[in-house]
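This is run.txt. It holds compact mmCIF, C-alpha atoms.
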# COMPACT_ATOMS: atom_id res chain seq x y z
CA MET A 18 0.00 0.00 0.00
CA SER A 19 1.44 3.38 -0.95
CA HIS A 20 1.30 6.49 1.13
CA GLY A 21 0.79 9.71 -0.82
CA GLY A 22 1.21 7.96 -4.18
CA LYS A 23 5.04 7.76 -4.05
CA ARG A 24 7.16 4.64 -3.85
CA ALA A 25 10.02 4.53 -1.39
CA GLY A 26 13.14 5.63 -3.23
CA ALA A 27 11.26 7.29 -6.09
CA GLY A 28 13.12 10.18 -7.68
CA ARG A 29 16.54 8.81 -6.70
CA PRO A 30 18.91 7.30 -9.26
CA PRO A 31 19.07 3.51 -9.25
CA LYS A 32 21.67 2.16 -6.87
CA GLU A 33 24.92 0.99 -8.38
CA PRO A 34 26.91 -1.84 -6.88
CA THR A 35 29.53 -0.69 -4.42
CA LYS A 36 32.79 -2.14 -3.26
CA VAL A 37 34.54 -1.63 0.06
CA MET A 38 38.13 -0.44 -0.37
CA ARG A 39 40.85 -0.06 2.20
CA ILE A 40 42.83 3.17 1.97
CA PRO A 41 45.85 3.77 4.19
CA GLU A 42 45.04 6.49 6.71
CA SER A 43 48.00 8.54 5.49
CA LYS A 44 46.44 8.69 1.99
CA VAL A 45 42.84 9.56 2.93
CA SER A 46 43.18 13.33 2.41
CA MET A 47 44.94 12.79 -0.92
CA VAL A 48 42.12 10.50 -2.12
CA LYS A 49 39.51 13.03 -0.94
CA ASN A 50 41.27 15.77 -2.94
CA ILE A 51 41.32 13.57 -6.04
CA ILE A 52 37.64 12.67 -5.70
CA THR A 53 36.48 16.23 -5.06
CA GLY A 54 38.89 17.76 -7.56
CA SER A 55 40.26 20.00 -4.80
CA LYS A 56 43.58 21.67 -5.40
CA VAL A 57 46.04 22.79 -2.78
CA LYS A 58 47.08 26.39 -3.31
CA THR A 59 50.16 27.82 -1.65
CA PRO A 60 50.69 31.56 -1.04
CA LEU A 61 53.18 33.39 -3.28
CA TYR A 62 54.58 36.45 -1.55
CA GLY A 63 55.00 39.68 -3.50
CA CYS A 64 58.65 40.14 -2.58
CA SER A 65 61.52 38.19 -4.09
CA VAL A 66 64.33 36.65 -2.09
CA ARG A 67 67.84 37.65 -3.07
CA ALA A 68 70.51 35.00 -3.28
CA GLY A 69 73.03 37.78 -2.55
CA LEU A 70 72.66 40.51 0.06
CA PRO A 71 69.49 40.54 2.19
CA THR A 72 66.55 42.69 1.10
CA HIS A 73 63.59 44.30 2.90
CA ALA A 74 61.04 41.72 4.05
CA ASP A 75 57.46 42.08 2.79
CA ASP A 76 54.69 39.78 3.96
CA HIS A 77 52.18 40.79 1.25
CA ILE A 78 50.66 37.74 -0.46
CA GLN A 79 50.57 38.45 -4.19
CA GLU A 80 48.58 35.37 -5.22
CA TYR A 81 48.08 31.70 -4.49
CA VAL A 82 49.94 29.12 -6.54
CA ASP A 83 48.68 25.70 -7.54
CA PHE A 84 51.77 23.59 -8.21
CA ASN A 85 49.87 21.61 -10.83
CA ASP A 86 49.92 24.76 -12.97
CA TYR A 87 53.72 24.84 -12.82
CA LEU A 88 54.59 21.15 -12.89
CA ILE A 89 51.97 19.58 -15.15
CA ARG A 90 50.99 20.77 -18.63
CA HIS A 91 48.83 17.81 -19.70
CA PRO A 92 47.30 16.23 -16.55
CA GLY A 93 45.88 13.14 -18.28
CA ASP A 94 49.19 12.41 -20.01
CA THR A 95 51.63 13.09 -17.19
CA PHE A 96 53.15 10.72 -14.68
CA ILE A 97 55.87 10.83 -12.04
CA VAL A 98 58.74 8.40 -11.65
CA ARG A 99 61.56 8.30 -9.08
CA ALA A 100 65.13 8.56 -10.38
CA SER A 101 67.66 5.99 -9.26
CA GLY A 102 71.42 6.12 -9.71
CA ASP A 103 73.80 8.89 -10.73
CA SER A 104 74.08 8.69 -14.53
CA MET A 105 72.26 12.04 -14.94
CA ILE A 106 73.91 14.12 -12.19
CA ASN A 107 75.28 16.70 -14.66
CA ALA A 108 71.67 17.36 -15.74
CA ALA A 109 70.80 18.03 -12.05
CA ILE A 110 68.95 14.69 -11.72
CA HIS A 111 69.98 12.84 -8.57
CA SER A 112 68.94 9.51 -7.12
CA GLY A 113 65.64 9.64 -5.23
CA GLU A 114 64.30 12.73 -6.98
CA LEU A 115 60.90 12.73 -8.64
CA LEU A 116 60.76 13.24 -12.40
CA VAL A 117 57.60 14.72 -13.91
CA VAL A 118 57.16 13.08 -17.32
CA ASP A 119 54.84 14.21 -20.13
CA LYS A 120 53.82 11.58 -22.68
CA THR A 121 52.50 14.13 -25.21
CA ILE A 122 55.75 16.02 -25.82
CA SER A 123 57.74 14.84 -28.84
CA ALA A 124 60.96 13.07 -27.90
CA THR A 125 63.29 15.12 -30.07
CA HIS A 126 67.06 15.51 -30.14
CA GLY A 127 68.39 16.91 -26.87
CA LYS A 128 65.34 16.15 -24.70
CA ILE A 129 65.70 14.13 -21.51
CA VAL A 130 63.50 11.06 -21.88
CA ILE A 131 62.30 8.03 -20.00
CA ALA A 132 62.96 5.08 -22.30
CA ALA A 133 62.48 1.34 -22.09
CA VAL A 134 65.43 -0.34 -23.81
CA ASP A 135 65.01 -4.09 -24.16
CA GLY A 136 62.60 -4.02 -21.23
CA GLU A 137 64.84 -1.94 -18.93
CA LEU A 138 63.83 1.61 -17.96
CA THR A 139 66.34 4.44 -18.07
CA VAL A 140 66.43 8.22 -17.99
CA LYS A 141 68.85 9.70 -20.54
CA ARG A 142 69.30 12.57 -22.99
CA LEU A 143 68.14 11.64 -26.49
CA PHE A 144 70.61 12.01 -29.36
CA ASN A 145 68.96 11.69 -32.77
CA ARG A 146 71.00 13.01 -35.71
CA GLU A 147 71.56 11.73 -39.24
CA GLY A 148 70.08 8.30 -38.54
CA ILE A 149 72.14 7.78 -35.38
CA VAL A 150 70.09 7.32 -32.23
CA LYS A 151 71.72 7.19 -28.81
CA LEU A 152 70.72 7.65 -25.20
CA LEU A 153 73.36 9.76 -23.50
CA PRO A 154 74.15 9.81 -19.79
CA GLU A 155 75.02 13.09 -18.11
CA ASN A 156 77.93 11.56 -16.19
CA ASP A 157 81.23 10.61 -17.85
CA ALA A 158 81.42 7.46 -15.69
CA TYR A 159 78.63 5.87 -17.77
CA PRO A 160 78.64 4.71 -21.40
CA GLU A 161 76.19 5.97 -23.99
CA ILE A 162 73.54 3.54 -25.21
CA VAL A 163 73.66 3.22 -28.99
CA ILE A 164 70.28 2.17 -30.35
CA SER A 165 70.26 -0.30 -33.23
CA SER A 166 67.64 -2.37 -34.99
CA ASP A 167 68.51 -5.16 -32.53
CA ASN A 168 67.10 -3.11 -29.65
CA GLU A 169 63.48 -2.90 -28.62
CA VAL A 170 63.00 0.74 -27.60
CA MET A 171 59.93 2.57 -26.38
CA ILE A 172 59.99 6.21 -25.26
CA TRP A 173 57.63 6.62 -22.33
CA GLY A 174 57.82 10.41 -22.26
CA VAL A 175 59.88 13.56 -21.87
CA VAL A 176 61.04 14.80 -18.46
CA ILE A 177 59.59 18.29 -17.94
CA ASN A 178 60.33 18.92 -14.26
CA ILE A 179 62.36 17.57 -11.36
CA ILE A 180 61.00 17.63 -7.83
CA LYS A 181 63.85 17.65 -5.36
CA GLN A 182 64.27 18.06 -1.67
CA LEU A 183 67.10 20.00 -0.08
Mind turning this structure into C-alpha cells?
Amino acid sequence: MSHGGKRAGAGRPPKEPTKVMRIPESKVSMVKNIITGSKVKTPLYGCSVRAGLPTHADDHIQEYVDFNDYLIRHPGDTFIVRASGDSMINAAIHSGELLVVDKTISATHGKIVIAAVDGELTVKRLFNREGIVKLLPENDAYPEIVISSDNEVMIWGVVINIIKQL
C-alpha cells in the first residue's frame, strides 16, 4: 500500500553496486582531494628573495599558486617516476628525486626522456641526428647507449620537471 502515491526511493537514481576499499590512513586526504577535484594552493609572496645581500622583508601575499599549474601541462598524459642512480647528475637529476614526465611532448634531439630499452627503464638525454640514435648519460662514468635495430625501444615520455628536496 502506498502512502501519498510515491514509492520509497522514487526520484533517486538507481543504486549501483559498491565495493569496500581499504585506503591507508596517510592517503585519505589525498584521495579526498582527487575525488572532489580539490587543489592545494600555496601563497606566493609579493617580494623576491635575493641570493646575494638581504633585502627588505614584505609579507604581502601576491597570489596563491597551484603547483599543478607549474609542474603539469597535460594532466591526463603526465606521470611521475623516481630517479635511481647517478648517470644524470650533470643534468641536475639525482637519485631519489621525482621526475615529472609528459607523454605528449615529442621526444626530439636533446630532450631528456624516460625510455624502455630491451625491457629496462632508463632516464637519458636523447641524441637523434643523421640516422644515429643514442641515449646519453650526463655523467662521464657511464657509457652511452647506442640504439640499433637489434634493440626494442619505447619512449615513455619527456622529463619536464624535477621535484627535489634540499
- [ ] Please provide the set of residues having any atom within 8 Å of Asp103 (chain A), restricted to only C-alpha atoms, with same-chain residues fewer than 6 positions apart removed, written as a list in words.
- [x] Ile110, His111, Ser112 and Asn156 of chain A
Hey, could you make a per-residue contact list for region 92-135 of chain A against region 164-173 of chain A with 8 Å as the cut-off, showing the nearest pair of atoms and its distance in Å to one decimal, counting only C-alpha atoms, sorted by chain and number, as a Markdown table?
| residue | atom | partner | partner_atom | distance |
| --- | --- | --- | --- | --- |
| A:Lys120 | CA | A:Trp173 | CA | 6.3 |
| A:Ala124 | CA | A:Ile172 | CA | 7.4 |
| A:Val130 | CA | A:Ile172 | CA | 6.9 |
| A:Ile131 | CA | A:Trp173 | CA | 5.4 |
| A:Ala132 | CA | A:Ile172 | CA | 4.3 |
| A:Ala133 | CA | A:Met171 | CA | 5.1 |
| A:Val134 | CA | A:Val170 | CA | 4.6 |
| A:Asp135 | CA | A:Glu169 | CA | 4.9 |
TODO: One decimal, Å: what's the distance from CA of Ile177 (chain A) over to CA of Asp119 (chain A), could you say?
DONE: 6.6 Å
- [ ] Go through A:Ile162, A:Leu61, A:Ile129, A:Ile106 one by one, measure the shortest atom-to-atom distance of each to Phe84 (chain A) using all atoms listed in the file, and give the residue with the smallest value.
- [x]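 Of the candidates, the smallest distance to Phe84 (chain A) is held by A:Leu61.
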Task: Length of the CA of Gly174 (chain A) to CA of Ile97 (chain A) vector [Å] - done: 10.4 Å
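Across A:Val82, A:Met105, A:Ile180, A:Val98, the tightest approach to Pro154 (chain A) is made by A:Met105 when counting only C-alpha atoms.
Proximity of A:Lys128, A:Lys44, A:Ser104, A:Val176 to Glu161 (chain A), computed with all atoms listed in the file, is greatest for A:Ser104.
Considering the residues A:Ala158, A:Arg67, A:Thr139, A:Lys181 and counting all atoms listed in the file, Asn107 (chain A) has its shortest atom-to-atom contact with A:Ala158.
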TODO: Can you work out which one of A:Asp157, A:Asp94, A:Glu42, A:Glu147 has the shortest atom-to-atom distance to Thr121 (chain A), counting all atoms listed in the file?
DONE: A:Asp94
Determine, counting all atoms listed in the file, which protein, DNA and RNA residues have an atom within 10 Å of an atom of Ile89 (chain A); residues of the same chain fewer than 6 positions away are not included. Present the result as a PDB file with C-alpha atoms, in the coordinates of the input.
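The file below, out_7.pdb, is the result:
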ATOM      1  CA  THR A  95      51.630  13.090 -17.190  1.00  0.00           C
ATOM      2  CA  PHE A  96      53.150  10.720 -14.680  1.00  0.00           C
ATOM      3  CA  VAL A 117      57.600  14.720 -13.910  1.00  0.00           C
ATOM      4  CA  VAL A 118      57.160  13.080 -17.320  1.00  0.00           C
ATOM      5  CA  ASP A 119      54.840  14.210 -20.130  1.00  0.00           C
ATOM      6  CA  ILE A 177      59.590  18.290 -17.940  1.00  0.00           C
ATOM      7  CA  ASN A 178      60.330  18.920 -14.260  1.00  0.00           C
TER       8      ASN A 178
END
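The closest residue to Leu115 (chain A), picked from A:Val175, A:Pro41, A:Gln182, A:Leu153 and counting only C-alpha atoms, is A:Gln182.
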Task: Distance of CA of Phe144 (chain A) from CA of Tyr159 (chain A), expressed in Å to one decimal place - done: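 The value is 15.4 Å.
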